[in-house]
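A.B. asks: Sharing a structure below in structure tokens format, with a few things to ask.
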Amino acid sequence: MVISLASDHGGLELKNKIGEYLTQLGHTVRDFGTTTLDSCDYPDFARPAAQAVAKGECERGVLVCTTGIGVSMVANKVKGVRCALCMNSDMAHMTRLHNNANVIAMGQKYVDFETAKQIVDEFLNTPFEGGRHAQRVDKIEG
């Protein structure tokens, strides 16, 4: 699977670890930055990563900032992206199962690497249930 990955300085450490983990799992990672701890603006990285998913260049996306809130807000402004802020693996499972999320966001301040791995695993391995949920997902785009 091709996965877009992005963070700001507040999520850089966790983003890098997630990128390595995804690569170890055999996925192709497109890292949209940032690459330094210099203060930066999360939309500059989250938006292109989300757009890559919306365009079909990447199958899924993972975004990280300090809280996960900012990058999720940016991603959800991109038409065709359904981004969920996940703090645990159950949230990742449910957002795939019921919301067909194609991007997830995490907060480095709140999610440790072991939990992030569990979140990523659920996000990548849980299929969309469809059925009544498909109607609801269709209403998101309007």
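Identifiers in the structure tokens: chain A, B, ... in order shown; residue index from 1 per chain; ligand index from 1 in order shown.
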Among stretch 4-115 of chain A, which ones does DSSP place in strand (DSSP E or B), written as JSON, numbers by chain?

C.D. replies: {"A": [4, 5, 6, 7, 28, 29, 30, 31, 60, 61, 62, 63, 64, 65, 83, 84, 85, 103, 104, 105, 106, 107]}

A.B. asks: Of the candidates A:Asn16, A:Phe123, A:Cys65, A:Asn100, which one gets nearest to A:Gln135 if we count only C-alpha atoms?

C.D. replies: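 Counting only C-alpha atoms, the residue closest to A:Gln135 is A:Asn100.
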
A.B. asks: Just the residues within 10 Å of A:Asn102, please, counting only C-alpha atoms, with nothing from its chain fewer than 4 positions along; format it as a PyMOL selection string.

C.D. replies: chain A and resi 3+50+53-54+58-62+80-84+95-96+123-124

A.B. asks: I need the residue nearest A:Glu122 from this list: A:Glu141, A:Asp31, A:Asp90, A:Glu20. Use only C-alpha atoms for the distance.

C.D. replies: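 Checking each of A:Glu141, A:Asp31, A:Asp90, A:Glu20 against A:Glu122, counting only C-alpha atoms, the winner is A:Asp90.
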
A.B. asks: Rank nothing, just name the residue among A:Gln51, A:Tyr110, A:Asn99, A:Val120 nearest to A:Asp138, using only C-alpha atoms.

C.D. replies: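 When distances to A:Asp138 are compared using only C-alpha atoms, the smallest one comes from A:Asn99.
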
A.B. asks: Taking into account only C-alpha atoms, which residue in the set A:Lys109, A:Lys79, A:Lys139, A:His98 is nearest to A:Leu14?

C.D. replies: A:Lys109

A.B. asks: Of the candidates A:Ala116, A:Ala105, A:Leu63, A:Ile69, which shows the shortest atom-to-atom distance to A:Gly33, using only C-alpha atoms?

C.D. replies: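 Among A:Ala116, A:Ala105, A:Leu63, A:Ile69, it is A:Leu63 that comes nearest to A:Gly33.
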
A.B. asks: Looking at A:Gly56, A:Gly11, A:Gly68, A:Gly26, which one is nearest to A:Met106, with distances taken over only C-alpha atoms?

C.D. replies: A:Gly68

A.B. asks: Expressed in Å to a single decimal, how great is the separation between atom CA of A:Leu97 and atom CA of A:Phe32?

C.D. replies: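 Going from atom CA of A:Leu97 over to atom CA of A:Phe32 covers 26.7 Å.
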
A.B. asks: From a DSSP pass on the backbone, collect the residues of stretch 3-121 of chain A flagged as alpha helix (DSSP H) and hand them back as a ChimeraX atom specification.

C.D. replies: /A:12-24,43-54,69-75,89-99,113-121

A.B. asks: List the neighbours of A:Asp8 out to 7 Å using only C-alpha atoms; skip same-chain residues closer than 2 positions along the sequence, and give me the result as JSON, numbers by chain.

C.D. replies: {"A": [10, 11, 12, 34, 40, 41, 42, 45, 65]}

A.B. asks: Store the residues picked out above in a file with N, CA and C atoms, as a compact mmCIF listing (two decimals), in the first residue's frame.

C.D. replies:
```txt
# COMPACT_ATOMS: atom_id res chain seq x y z
N GLY A 10 6.05 19.43 15.84
CA GLY A 10 5.49 18.85 17.05
C GLY A 10 5.16 17.37 16.94
N GLY A 11 5.19 16.85 15.72
CA GLY A 11 4.89 15.44 15.51
C GLY A 11 6.00 14.69 14.81
N LEU A 12 7.13 15.37 14.60
CA LEU A 12 8.22 14.81 13.80
C LEU A 12 8.75 13.47 14.31
N THR A 34 7.37 17.44 7.78
CA THR A 34 8.61 18.16 7.82
C THR A 34 9.75 17.20 8.15
N CYS A 40 7.34 25.20 12.31
CA CYS A 40 6.77 25.28 10.97
C CYS A 40 5.24 25.25 11.07
N ASP A 41 4.60 25.41 9.95
CA ASP A 41 3.14 25.46 9.90
C ASP A 41 2.58 24.13 9.39
N TYR A 42 1.80 23.45 10.21
CA TYR A 42 1.30 22.11 9.86
C TYR A 42 0.51 22.06 8.56
N PHE A 45 2.32 20.85 5.31
CA PHE A 45 2.67 19.44 5.16
C PHE A 45 1.43 18.55 5.12
N CYS A 65 0.76 15.78 14.51
CA CYS A 65 1.23 17.06 15.06
C CYS A 65 1.22 16.90 16.58
```

A.B. asks: Tell me which protein, DNA and RNA residues are within 8 Å of A:Cys86, counting only C-alpha atoms, leaving out same-chain ones fewer than 3 positions away, and put them as a count of residues only.

C.D. replies: 7

A.B. asks: What separation in Å, quoted to one decimal, exists between atom CA of A:Ala46 and atom CA of A:Gln108?

C.D. replies: 14.8 Å

A.B. asks: Quote the spacing between atom CA of A:His27 and atom CA of A:Lys77 in Å to one decimal place.

C.D. replies: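 Atom CA of A:His27 sits 25.9 Å away from atom CA of A:Lys77.
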